[in-house]
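Engineer: Got query32.txt for you, compact mmCIF, C-alpha atoms:
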```txt
# COMPACT_ATOMS: atom_id res chain seq x y z
CA MET A 48 10.53 -10.96 16.04
CA HIS A 49 11.67 -7.40 16.63
CA LEU A 50 12.64 -5.31 13.63
CA ALA A 51 16.15 -3.94 13.99
CA HIS A 52 18.92 -2.73 11.73
CA VAL A 53 20.07 -5.76 9.80
CA PHE A 54 23.48 -7.27 10.46
CA ILE A 55 24.80 -8.64 7.16
CA GLY A 56 28.15 -9.91 8.37
CA ARG A 57 31.58 -8.46 9.13
CA PHE A 58 34.42 -8.22 6.65
CA ASP A 59 38.05 -7.13 6.48
CA LEU A 60 38.76 -3.81 4.81
CA ALA A 61 41.38 -3.94 2.06
CA VAL A 62 43.13 -1.00 3.76
CA PRO A 63 43.16 0.20 7.39
CA LEU A 64 40.08 2.13 8.48
CA SER A 65 42.30 5.11 9.24
CA THR A 66 43.26 5.23 5.54
CA VAL A 67 39.59 5.32 4.55
CA LEU A 68 38.94 8.17 7.01
CA ILE A 69 41.95 10.19 5.80
CA ALA A 70 40.99 9.70 2.14
CA ALA A 71 37.40 10.80 2.83
CA MET A 72 38.59 13.89 4.71
CA ALA A 73 40.96 14.69 1.83
CA VAL A 74 38.07 14.63 -0.66
CA VAL A 75 36.02 16.98 1.54
CA ALA A 76 39.00 19.32 1.93
CA ALA A 77 39.63 19.24 -1.82
CA SER A 78 36.02 20.28 -2.45
CA PHE A 79 36.69 23.36 -0.33
CA GLY A 80 39.68 24.26 -2.52
CA LEU A 81 37.69 23.63 -5.69
CA ILE A 82 35.11 26.20 -4.62
CA TYR A 83 37.74 28.93 -4.83
CA LEU A 84 39.31 27.65 -8.05
CA LEU A 85 36.03 27.63 -9.97
CA PRO A 86 34.53 30.97 -11.02
CA PRO A 87 31.60 31.97 -8.76
CA ARG A 88 28.15 31.45 -10.20
CA PRO A 89 26.14 34.67 -10.49
CA SER A 90 23.12 34.91 -8.23
CA ARG A 91 19.95 34.94 -10.29
CA PRO A 92 16.42 35.58 -9.10
CA GLU A 93 14.35 32.45 -8.62
CA ARG A 94 11.71 32.00 -11.29
CA SER A 95 8.10 31.32 -10.38
CA GLY A 96 8.05 28.05 -12.34
CA ALA A 97 5.42 26.30 -14.42
CA VAL A 98 2.05 25.42 -12.88
CA VAL A 99 1.75 21.72 -12.00
CA PRO A 100 -1.44 20.17 -13.47
CA ARG A 101 -4.17 19.70 -10.87
CA PRO A 102 -4.51 15.91 -11.53
CA VAL A 103 -0.85 15.50 -10.51
CA VAL A 104 -1.48 17.39 -7.27
CA ILE A 105 -4.61 15.31 -6.56
CA GLY A 106 -2.58 12.17 -7.26
CA LEU A 107 0.07 13.15 -4.69
CA GLN A 108 -2.60 13.94 -2.10
CA THR A 109 -4.39 10.65 -2.77
CA VAL A 110 -1.19 8.65 -2.25
CA ALA A 111 -0.50 10.49 1.02
CA VAL A 112 -4.03 9.87 2.35
CA LEU A 113 -3.89 6.18 1.37
CA ILE A 114 -0.58 5.73 3.19
CA VAL A 115 -2.02 7.21 6.40
CA LEU A 116 -5.14 5.01 6.13
CA TYR A 117 -2.98 1.93 5.46
CA LEU A 118 -0.77 2.60 8.49
CA ALA A 119 -3.80 3.05 10.76
CA ALA A 120 -5.90 0.15 9.44
CA VAL A 121 -3.16 -2.46 9.02
CA GLY A 122 -1.46 -1.42 12.24
CA ILE A 123 -4.65 -1.81 14.32
CA ALA A 124 -6.40 -4.66 12.54
CA GLY A 125 -3.54 -6.48 10.78
CA ASN A 126 -1.34 -9.35 11.90
CA GLN A 127 0.12 -8.39 15.28
CA VAL A 128 3.39 -10.25 14.67
CA THR A 129 5.82 -7.41 13.96
CA VAL A 130 7.62 -8.87 10.97
CA LEU A 131 4.31 -9.90 9.37
CA ASN A 132 2.66 -6.49 9.67
CA GLY A 133 2.94 -4.28 6.61
CA ALA A 134 2.30 -1.06 8.54
CA VAL A 135 5.32 -1.63 10.79
CA ILE A 136 7.57 -2.38 7.83
CA LEU A 137 6.23 0.55 5.79
CA PHE A 138 6.64 3.09 8.59
CA TRP A 139 9.79 2.11 10.50
CA VAL A 140 11.79 0.49 7.70
CA LEU A 141 10.78 2.46 4.59
CA LEU A 142 9.03 5.77 5.31
CA ILE A 143 11.35 7.04 8.06
CA PRO A 144 14.46 7.01 5.82
CA LEU A 145 12.94 7.13 2.33
CA LEU A 146 10.47 10.00 2.80
CA PRO A 147 13.22 12.59 3.49
CA LEU A 148 15.53 11.00 0.91
CA ALA A 149 12.81 11.23 -1.76
CA HIS A 150 12.73 14.98 -1.17
CA CYS A 151 16.34 15.19 -2.36
CA LEU A 152 14.90 14.30 -5.78
CA LEU A 153 11.57 16.15 -5.65
CA GLY A 154 11.55 18.82 -3.00
CA GLY A 155 8.32 20.10 -1.51
CA ALA A 156 6.26 17.02 -2.38
CA TYR A 157 5.04 16.54 1.20
CA GLU A 158 4.14 20.22 1.51
CA VAL A 159 1.88 19.89 -1.51
CA ALA A 160 0.47 16.46 -0.59
CA ASN A 161 0.19 17.00 3.18
CA PRO A 162 -2.83 14.82 4.12
CA PHE A 163 -3.35 16.64 7.42
CA ALA A 164 -3.50 20.06 5.73
CA LEU A 165 -5.99 18.57 3.29
CA GLY A 166 -8.08 17.33 6.21
CA ALA A 167 -7.96 20.77 7.85
CA ARG A 168 -9.20 22.36 4.61
CA LEU A 169 -12.09 19.93 4.41
CA VAL A 170 -13.05 20.55 8.06
CA THR A 171 -12.93 24.35 7.69
CA SER A 172 -14.23 24.54 4.09
CA GLY A 173 -10.89 25.97 2.99
CA ALA A 174 -10.63 28.61 5.73
CA SER A 175 -7.45 27.08 7.17
CA ALA A 176 -5.57 27.78 3.93
CA ARG A 177 -6.68 31.43 3.86
CA ARG A 178 -5.99 32.22 7.52
CA GLU A 179 -3.22 34.72 8.27
CA ARG A 180 -0.25 33.56 10.29
CA ASP A 181 -1.09 33.34 13.99
CA PRO A 182 1.43 35.27 16.20
CA ARG A 183 1.55 32.27 18.55
CA LEU A 184 3.30 30.27 15.82
CA ASP A 185 6.24 32.69 15.90
CA ARG A 186 6.73 31.89 19.59
CA LEU A 187 6.46 28.13 18.97
CA GLY A 188 8.76 28.09 15.94
CA TYR A 189 10.12 24.60 15.23
CA TRP A 190 9.93 23.46 18.86
CA PRO A 191 6.80 21.29 18.39
CA ALA A 192 8.66 19.38 15.65
CA VAL A 193 11.72 19.09 17.93
CA VAL A 194 9.59 17.47 20.65
CA MET A 195 7.94 15.12 18.13
CA LEU A 196 11.28 14.11 16.62
CA PHE A 197 12.73 13.37 20.05
CA LEU A 198 9.69 11.20 20.87
CA LEU A 199 10.02 9.38 17.54
CA VAL A 200 13.70 8.62 18.17
CA TRP A 201 12.91 7.67 21.77
CA PHE A 202 10.07 5.35 20.72
CA GLU A 203 12.33 3.56 18.22
CA LEU A 204 15.60 3.31 20.13
CA ALA A 205 14.62 3.34 23.80
CA LEU A 206 10.98 2.46 24.49
CA ARG A 207 10.78 -0.11 21.65
CA VAL A 208 7.11 -0.91 22.51
CA VAL A 209 5.85 1.07 19.53
CA PRO A 210 8.19 -0.47 16.88
CA SER A 211 7.37 -3.97 18.12
CA SER A 212 3.61 -3.35 18.48
CA PRO A 213 1.65 -2.85 15.25
CA ARG A 214 -1.49 -1.89 17.18
CA ALA A 215 0.37 0.82 19.12
CA LEU A 216 1.67 2.20 15.82
CA GLY A 217 -1.83 2.23 14.30
CA ILE A 218 -3.33 3.99 17.32
CA LEU A 219 -0.57 6.60 17.34
CA VAL A 220 -1.13 7.25 13.62
CA VAL A 221 -4.83 7.93 14.32
CA VAL A 222 -4.03 10.18 17.30
CA TYR A 223 -1.34 12.07 15.38
CA SER A 224 -3.65 12.55 12.36
CA LEU A 225 -6.52 13.91 14.46
CA PHE A 226 -4.14 16.21 16.34
CA GLN A 227 -2.60 17.59 13.14
CA VAL A 228 -5.95 18.18 11.44
CA ALA A 229 -7.29 19.93 14.56
CA MET A 230 -4.21 22.17 14.92
CA GLY A 231 -4.29 23.09 11.23
CA ALA A 232 -7.98 23.94 11.45
CA TRP A 233 -7.38 26.04 14.59
CA LEU A 234 -4.15 27.90 13.75
CA GLY A 235 -4.12 27.71 9.97
CA GLU A 236 -1.80 25.86 7.63
CA GLU A 237 1.24 27.84 8.78
CA TRP A 238 1.12 25.49 11.77
CA TYR A 239 2.53 22.65 9.68
CA ARG A 240 5.86 24.39 9.01
CA GLY A 241 7.05 23.79 12.57
CA GLY A 242 4.21 21.74 14.06
CA ASP A 243 4.15 18.70 11.78
CA LEU A 244 7.32 16.64 12.17
CA PHE A 245 7.15 15.21 8.65
CA ALA A 246 6.54 18.63 7.09
CA ALA A 247 9.52 20.05 8.99
CA ILE A 248 11.90 17.20 8.13
CA THR A 249 10.93 17.05 4.45
CA ALA A 250 11.35 20.84 4.25
CA LEU A 251 14.91 20.38 5.52
CA ALA A 252 15.59 17.67 2.94
CA SER A 253 14.06 19.77 0.15
CA THR A 254 16.85 22.35 0.45
CA VAL A 255 19.23 20.04 -1.45
CA ALA A 256 16.77 19.23 -4.25
CA ALA A 257 17.38 20.50 -7.78
CA VAL A 258 13.70 19.92 -8.66
CA ALA A 259 10.94 21.07 -6.34
CA VAL A 260 7.23 21.76 -6.21
CA THR A 261 5.80 24.52 -4.06
CA ARG A 262 2.49 26.22 -3.46
CA ASP A 263 2.54 29.96 -4.20
CA ASN A 264 0.55 32.72 -2.50
CA ASP A 265 -2.32 32.26 -4.97
CA GLY A 266 -2.68 28.56 -4.16
CA PHE A 267 -1.12 27.29 -7.41
CA VAL A 268 1.44 24.47 -7.25
CA ARG A 269 4.51 25.32 -9.31
CA LEU A 270 7.54 23.34 -10.48
CA LYS A 271 10.92 24.95 -9.83
CA LEU A 272 14.25 23.83 -11.27
CA GLY A 273 17.81 24.43 -10.11
CA PHE A 274 19.91 23.63 -7.05
CA ARG A 275 20.29 26.77 -4.95
CA PRO A 276 22.77 26.11 -2.13
CA ALA A 277 22.24 29.60 -0.69
CA ARG A 278 18.46 29.14 -0.31
CA PHE A 279 17.58 29.72 3.33
CA LEU A 280 15.01 27.85 5.34
CA PRO A 281 12.45 30.04 7.10
CA ALA A 282 14.14 31.23 10.27
CA ALA A 283 12.26 30.44 13.47
CA ARG A 284 12.94 29.41 17.03
CA GLY A 285 14.31 25.91 17.44
CA ARG A 286 15.53 25.44 13.87
CA GLU A 287 19.12 24.72 14.93
CA ALA A 288 17.86 22.36 17.65
CA LEU A 289 15.77 20.48 15.08
CA ILE A 290 18.70 20.08 12.66
CA THR A 291 21.18 18.93 15.31
CA LEU A 292 18.63 16.54 16.85
CA TRP A 293 17.90 15.06 13.41
CA LEU A 294 21.61 14.45 12.81
CA ALA A 295 22.08 13.03 16.31
CA GLY A 296 18.96 10.86 16.02
CA VAL A 297 20.22 9.32 12.79
CA LEU A 298 23.62 8.60 14.35
CA ALA A 299 22.38 7.59 17.81
CA ASP A 300 21.65 3.97 16.89
CA GLY A 301 25.11 3.59 15.37
CA VAL A 302 26.77 5.02 18.47
CA LYS A 303 25.58 1.93 20.38
CA ALA A 304 27.92 -0.21 18.28
CA THR A 305 31.03 1.79 19.14
CA PRO A 306 33.61 0.52 21.69
CA ILE A 307 33.07 3.63 23.82
CA TRP A 308 29.36 3.01 24.33
CA ARG A 309 29.84 -0.74 24.74
CA ALA A 310 32.22 0.00 27.62
CA VAL A 311 29.68 2.40 29.19
CA SER A 312 26.91 -0.17 28.77
CA THR A 313 29.00 -2.94 30.34
CA ALA A 314 30.01 -0.76 33.29
CA SER A 315 26.40 0.16 34.01
CA GLN A 316 24.91 -3.35 33.73
CA ASP A 317 24.66 -3.91 37.49
CA PHE A 318 23.01 -0.52 38.01
CA SER A 319 20.57 -1.13 35.15
CA ALA A 320 19.65 -4.57 36.46
CA SER A 321 18.92 -3.15 39.93
CA ILE A 322 16.21 -0.81 38.63
CA GLY A 323 13.89 -3.64 37.56
CA GLN A 324 11.08 -3.45 35.03
CA VAL A 325 7.41 -2.53 34.60
CA GLY A 326 5.51 -5.10 32.57
CA SER A 327 7.64 -5.90 29.55
CA ILE A 328 9.66 -2.67 29.82
CA ASP A 329 13.17 -2.98 31.26
CA LEU A 330 13.53 0.33 33.12
CA GLY A 331 17.31 0.02 33.36
CA ALA A 332 17.71 -0.46 29.60
CA LEU A 333 15.17 2.32 28.98
CA LEU A 334 17.16 4.73 31.15
CA LEU A 335 20.46 3.77 29.51
CA ASP A 336 19.08 4.10 25.97
CA THR A 337 17.40 7.42 26.79
CA THR A 338 20.67 8.70 28.22
CA GLU A 339 22.51 7.65 25.06
CA ILE A 340 20.04 9.58 22.87
CA VAL A 341 20.23 12.73 25.01
CA VAL A 342 24.03 12.62 25.34
CA THR A 343 24.46 12.12 21.57
CA TRP A 344 22.19 15.11 20.88
CA LEU A 345 23.93 17.31 23.44
CA ALA A 346 27.34 16.32 22.05
CA PHE A 347 26.36 17.22 18.48
CA ALA A 348 24.70 20.44 19.63
CA ALA A 349 27.78 21.46 21.64
CA PHE A 350 30.05 20.60 18.70
CA PHE A 351 27.87 22.64 16.33
CA TRP A 352 27.79 25.72 18.57
CA ALA A 353 31.52 25.52 19.28
CA PHE A 354 32.44 25.62 15.60
CA ALA A 355 29.73 28.16 14.82
CA TYR A 356 31.36 30.32 17.50
CA LEU A 357 34.77 29.80 15.86
CA ALA A 358 33.39 30.88 12.47
CA ALA A 359 31.63 33.87 14.06
CA ARG A 360 34.86 35.02 15.71
CA LEU A 361 36.77 34.70 12.43
CA VAL A 362 34.35 37.03 10.62
CA ARG A 363 33.44 39.17 13.64
CA ARG A 364 29.71 38.55 13.31
CA PRO A 365 27.15 37.62 16.02
CA LEU A 366 27.05 33.93 16.94
CA GLY A 367 23.31 33.64 16.34
CA GLU A 368 23.64 35.04 12.81
CA ILE A 369 26.41 32.62 11.81
CA ALA A 370 24.59 29.68 13.44
CA ARG A 371 21.48 30.42 11.36
CA ILE A 372 23.62 30.60 8.22
CA VAL A 373 25.65 27.39 8.62
CA ALA A 374 23.08 25.14 10.35
CA PRO A 375 21.39 24.09 7.06
CA SER A 376 24.75 22.76 5.82
CA LEU A 377 24.28 19.87 8.28
CA ILE A 378 21.20 18.73 6.35
CA PRO A 379 23.04 16.88 3.52
CA ILE A 380 25.19 15.16 6.18
CA ALA A 381 22.07 13.94 8.00
CA LEU A 382 20.56 12.75 4.71
CA ALA A 383 23.77 10.94 3.72
CA TYR A 384 23.95 9.09 7.01
CA LEU A 385 20.21 8.40 6.88
CA LEU A 386 20.82 6.51 3.63
CA ALA A 387 24.04 4.85 4.80
CA HIS A 388 22.71 3.74 8.18
CA ASN A 389 19.38 2.41 6.89
CA LEU A 390 20.57 0.90 3.61
CA THR A 391 20.82 -2.69 4.87
CA GLN A 392 17.39 -2.72 6.51
CA ILE A 393 15.78 -1.16 3.42
CA LEU A 394 17.28 -3.88 1.19
CA ALA A 395 16.75 -6.81 3.57
CA ILE A 396 13.52 -6.02 5.43
CA GLY A 397 11.83 -3.74 2.89
CA PRO A 398 10.86 -6.57 0.48
CA LEU A 399 8.90 -8.25 3.31
CA LEU A 400 6.25 -5.55 2.82
CA PHE A 401 5.13 -7.51 -0.25
CA SER A 402 5.99 -11.08 0.78
CA ALA A 403 5.06 -11.19 4.48
CA SER A 404 1.30 -11.04 3.93
CA GLY A 405 -0.13 -14.50 4.57
CA ALA A 406 3.27 -15.94 5.57
CA ASP A 407 4.18 -17.35 8.97
CA VAL A 408 7.02 -16.25 11.23
CA GLY A 409 9.34 -19.02 10.11
CA THR A 410 8.88 -18.21 6.42
CA ALA A 411 9.36 -14.48 7.01
CA ALA A 412 12.49 -15.09 9.10
CA PHE A 413 13.92 -17.34 6.38
CA GLN A 414 13.15 -14.73 3.71
CA LEU A 415 14.83 -12.04 5.82
CA GLN A 416 17.90 -14.23 6.23
CA GLN A 417 17.98 -14.88 2.49
CA ASN A 418 17.66 -11.18 1.66
CA ALA A 419 20.51 -10.34 4.03
CA SER A 420 22.76 -13.12 2.74
CA HIS A 421 22.47 -11.82 -0.83
CA LEU A 422 23.90 -8.44 0.15
CA ASN A 423 27.60 -7.81 -0.42
CA PRO A 424 29.13 -6.18 2.72
CA PRO A 425 32.14 -4.57 0.96
CA LEU A 426 29.88 -3.14 -1.76
CA ILE A 427 27.39 -1.90 0.84
CA PHE A 428 30.21 -0.21 2.76
CA LEU A 429 31.49 1.43 -0.44
CA VAL A 430 28.02 2.85 -1.16
CA GLN A 431 27.73 4.06 2.44
CA VAL A 432 31.14 5.76 2.38
CA SER A 433 30.39 7.37 -0.99
CA ALA A 434 27.07 8.72 0.30
CA ILE A 435 28.67 10.22 3.40
CA VAL A 436 31.54 11.82 1.47
CA LEU A 437 29.11 13.26 -1.10
CA GLY A 438 26.91 14.59 1.69
CA HIS A 439 29.86 16.39 3.27
CA VAL A 440 30.97 17.85 -0.07
CA ILE A 441 27.47 19.26 -0.63
CA ALA A 442 27.58 20.58 2.94
CA VAL A 443 30.81 22.46 2.21
CA VAL A 444 29.27 23.98 -0.93
CA MET A 445 26.10 24.99 0.92
CA ALA A 446 28.02 26.54 3.82
CA HIS A 447 30.20 28.57 1.45
CA ALA A 448 27.25 29.79 -0.62
CA ARG A 449 25.35 30.84 2.49
CA LEU A 450 28.34 32.62 4.00
CA ARG A 451 29.16 34.40 0.74
CA HIS A 452 25.61 35.76 0.49
CA SER A 453 25.54 36.78 4.15
CA LYS A 454 26.56 40.10 5.69
CA ALA A 455 30.04 38.67 6.15
CA GLY A 456 30.47 39.00 2.40
CA GLU A 457 32.92 37.42 -0.02
CA GLU A 458 36.01 38.92 1.59
CA LEU A 459 35.41 37.41 5.03
CA ALA A 460 33.63 34.26 3.85
CA ILE A 461 36.90 32.37 3.38
CA ARG A 462 37.73 32.85 7.08
CA ALA A 463 34.39 31.42 8.15
CA ASP A 464 34.80 28.67 5.55
CA LEU A 465 38.09 27.62 7.11
CA GLY A 466 36.52 27.46 10.55
CA TRP A 467 33.49 25.53 9.36
CA LEU A 468 35.61 23.24 7.13
CA SER A 469 37.36 21.96 10.25
CA ALA A 470 33.93 20.98 11.60
CA MET A 471 33.10 19.21 8.33
CA LEU A 472 36.33 17.18 8.48
CA ILE A 473 35.65 16.04 12.05
CA TYR A 474 32.03 15.21 11.16
CA THR A 475 33.29 13.14 8.19
CA ALA A 476 35.73 11.11 10.28
CA THR A 477 33.26 10.62 13.14
CA SER A 478 30.32 9.49 11.01
CA LEU A 479 32.46 7.07 8.98
CA TRP A 480 34.03 5.64 12.14
CA VAL A 481 30.59 5.10 13.69
CA LEU A 482 29.32 3.56 10.45
CA ALA A 483 32.26 1.12 10.25
CA GLN A 484 31.82 -0.37 13.73
CA PRO A 485 29.06 -2.96 13.10
CA ILE A 486 30.24 -4.06 9.64
CA THR A 487 34.04 -4.08 9.54
CA ASN A 488 36.62 -5.90 11.64
CA GLN A 489 38.48 -2.68 12.37
CA GLY A 490 37.57 -0.31 15.20
```
Let me see the file written as structure tokens.

Structural biologist:
Amino acid sequence: MHLAHVFIGRFDLAVPLSTVLIAAMAVVAASFGLIYLLPPRPSRPERSGAVVPRPVVIGLQTVAVLIVLYLAAVGIAGNQVTVLNGAVILFWVLLIPLLPLAHCLLGGAYEVANPFALGARLVTSGASARRERDPRLDRLGYWPAVVMLFLLVWFELALRVVPSSPRALGILVVVYSLFQVAMGAWLGEEWYRGGDLFAAITALASTVAAVAVTRDNDGFVRLKLGFRPARFLPAARGREALITLWLAGVLADGVKATPIWRAVSTASQDFSASIGQVGSIDLGALLLDTTEIVVTWLAFAAFFWAFAYLAARLVRRPLGEIARIVAPSLIPIALAYLLAHNLTQILAIGPLLFSASGADVGTAAFQLQQNASHLNPPLIFLVQVSAIVLGHVIAVVMAHARLRHSKAGEELAIRADLGWLSAMLIYTATSLWVLAQPITNQG
């Protein structure tokens, strides 16, 4: 059995889908107006925060190390039937969506608990943590994480061998762990900012957290409180590519359910069938799925840069400057769709992590069917829509706060806001339309 996003049945919306899209866009637009009606919050310096007790830090690190060991051991030595392997369920069904989402509640947790950084410290007797930033890391920026994220999306949606092979997952976990420990020991712990995919993604998610932990320059872990929408991520090469790829990767699987892609897939069936296959890999399907991932990414990247250019022209600032300012506002949108798109598989497949051990395929399949049948499609869709609308509202707030604190200033910020708001409205309608395709009877 291959793990896939769970289909829980189609249902009829009480109102036309177009009404849902218009209402959602109206809420996002209203949030823009509310920003200017409410008095601006004064900018206050960020406090250092209280020191987190060392046992709590050790506890976080222990959990992180145990998860890596579990993924490697159970993936390699566990039951090789996909649905009966806890490592496959833990990684593909739970960790991929829930790890970033957890950082909306407690930002910086992965940075503090990073098991690979801990391994690098043990290998170098702490020298990796004290090493000054290597100039080569400035040239690399976030591009290593971009490559790793593309491979992760490609493995899941196109190659499919890794998601359906527990042993392949376990081996890749071991290889990735050794690579990350070696790179941290060689280049220092600054490597993990753009070189460890999970560190980079959780750092993105942490920007929306009102509670966060962080390690200061003296090595102490501190607890910080307060949502700061104008807080900037460290600027480095490839940051905008990472954010747009993350958003596209989350949406790419849903794009396959749209009428547009179904028509493309149908039209290319003869060509795909003529390519043949190697072993169990259908090369035609692999090429089509890879194309879909790349095209989705390029489309989102082009859309982002087009509206960043519009905002830059409105405030007469360089395109690169405005792009760096508004790119983080896509993060809450990616997080919202991450929750919405993966909600059904978390609720239906996630419980198998505890019940699949010792079961057979028939029992696990029956349990999966039961879990899915107990879900309420209209309620699920309501939660999904609410998450996406909330994500876009937060995005509007973040974009405004960043623009207001930029060189454009308060006077010109409203012009850029208007340009970027149009992008937010189109993003809202597009993501909701994509989300509705596999669950509602309206296209």

Engineer: Wanna dump the stretch 139-173 of chain A-stretch 102-122 of chain A contacts at 12 Å for me, each residue with its shortest atom pair and the distance in Å to one decimal, counting all atoms listed in the file, ordered by chain and number, as a tab-separated table?

Structural biologist:
```
residue	atom	partner	partner_atom	distance
A:Trp139	CA	A:Leu118	CA	10.8
A:Leu141	CA	A:Ile114	CA	11.9
A:Leu142	CA	A:Ile114	CA	9.8
A:Leu146	CA	A:Ala111	CA	11.1
A:Leu153	CA	A:Leu107	CA	11.9
A:Gly155	CA	A:Leu107	CA	11.2
A:Ala156	CA	A:Leu107	CA	7.7
A:Tyr157	CA	A:Ala111	CA	8.2
A:Glu158	CA	A:Gln108	CA	9.9
A:Val159	CA	A:Val104	CA	7.1
A:Ala160	CA	A:Gln108	CA	4.2
A:Asn161	CA	A:Gln108	CA	6.7
A:Pro162	CA	A:Val112	CA	5.4
A:Phe163	CA	A:Val112	CA	8.5
A:Ala164	CA	A:Gln108	CA	10.0
A:Leu165	CA	A:Gln108	CA	7.9
A:Gly166	CA	A:Val112	CA	9.3
```

Engineer: If I take atom CA of A:Ala124 and atom CA of A:Val221, how far is one from the other in Å, to one decimal?

Structural biologist: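 Between atom CA of A:Ala124 and atom CA of A:Val221 the gap is 12.8 Å.
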
Engineer: Figure out the distance between atom CA of A:Pro281 and atom CA of A:Ala358, please, to one decimal in Å.

Structural biologist: 21.6 Å

Engineer: Determine, counting only C-alpha atoms, which protein, DNA and RNA residues have an atom within 12 Å of an atom of stretch 309-325 of chain A; residues of the same chain fewer than 3 positions away are not included. Present the result as a list in words.

Structural biologist: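 These residues fall inside the cut-off: Leu206, Gly301, Val302, Lys303, Ala304, Thr305, Pro306, Ile328, Asp329, Leu330, Gly331, Ala332, Leu333, Leu334, Leu335, Asp336, Thr338, Glu339, Gln484 and Pro485 of chain A.
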
Engineer: Please report the interatomic distance between atom CA of A:Thr129 and atom CA of A:Tyr223 in Å with one decimal.

Structural biologist: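 Atom-to-atom, atom CA of A:Thr129 and atom CA of A:Tyr223 are spaced 20.8 Å apart.
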
Engineer: Around the point (9.5, -17.6, 7.8) (coordinates from the file), which residues reach within 12 Å if we count only C-alpha atoms? Answer as number ranges by chain.

Structural biologist: A: 48, 128, 130-131, 399, 402-417

Engineer: Around stretch 113-131 of chain A, with edges along x, y and z and 8 Å added on all six sides, what centre and edge lengths do you get, in Å to one decimal, as JSON?

Structural biologist:
```
{"center_x": 0.6, "center_y": -1.5, "center_z": 8.3, "size_x": 30.0, "size_y": 33.5, "size_z": 29.9}
```

Engineer: If I put a ball of radius 12 Å at (9.4, 26.5, 16.4) in the file's coordinates, which residues poke into it when counting only C-alpha atoms, written as a ChimeraX atom specification?

Structural biologist: /A:182-195,237-244,247,281-290

Engineer: Quick one: residues within 10 Å of A:Leu468, only C-alpha atoms, excluding same-chain residues fewer than 4 positions away - as a list in words?

Structural biologist: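 Final neighbour list, sorted by chain and number: Val75, Ala76, Phe79, Phe354, Ala358, His439, Ala442, Val443, Ala446, His447, Ile461, Arg462, Ala463, Asp464, Leu472, Ile473 and Tyr474 of chain A.
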
Engineer: Smallest atom-to-atom distance to A:Trp201: which of A:Trp233, A:Trp344, A:Phe138, A:Trp480, using all atoms listed in the file?

Structural biologist: A:Trp344

Engineer: Just need stretch 405-430 of chain A in a file, please: C-alpha atoms, as a compact mmCIF listing (two decimals), in the first residue's frame.

Structural biologist:
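See result_9.txt below for the written result:
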```txt
# COMPACT_ATOMS: atom_id res chain seq x y z
CA GLY A 405 2.18 -5.99 14.73
CA ALA A 406 -0.86 -5.62 12.44
CA ASP A 407 -1.21 -7.04 8.95
CA VAL A 408 -1.96 -5.14 5.75
CA GLY A 409 -5.65 -5.97 5.82
CA THR A 410 -6.08 -4.74 9.40
CA ALA A 411 -4.13 -1.55 8.71
CA ALA A 412 -6.14 -0.87 5.54
CA PHE A 413 -9.40 -1.38 7.43
CA GLN A 414 -8.24 0.96 10.21
CA LEU A 415 -7.28 3.58 7.64
CA GLN A 416 -10.69 3.30 6.01
CA GLN A 417 -12.37 3.62 9.40
CA ASN A 418 -10.31 6.68 10.34
CA ALA A 419 -11.19 8.35 7.03
CA SER A 420 -14.89 7.51 7.28
CA HIS A 421 -15.13 9.21 10.68
CA LEU A 422 -13.96 12.53 9.26
CA ASN A 423 -16.58 15.12 8.31
CA PRO A 424 -15.76 16.57 4.84
CA PRO A 425 -17.70 19.86 5.26
CA LEU A 426 -16.10 20.44 8.68
CA ILE A 427 -12.66 19.60 7.30
CA PHE A 428 -13.18 22.05 4.43
CA LEU A 429 -14.28 24.76 6.88
CA VAL A 430 -11.11 24.28 8.94
```
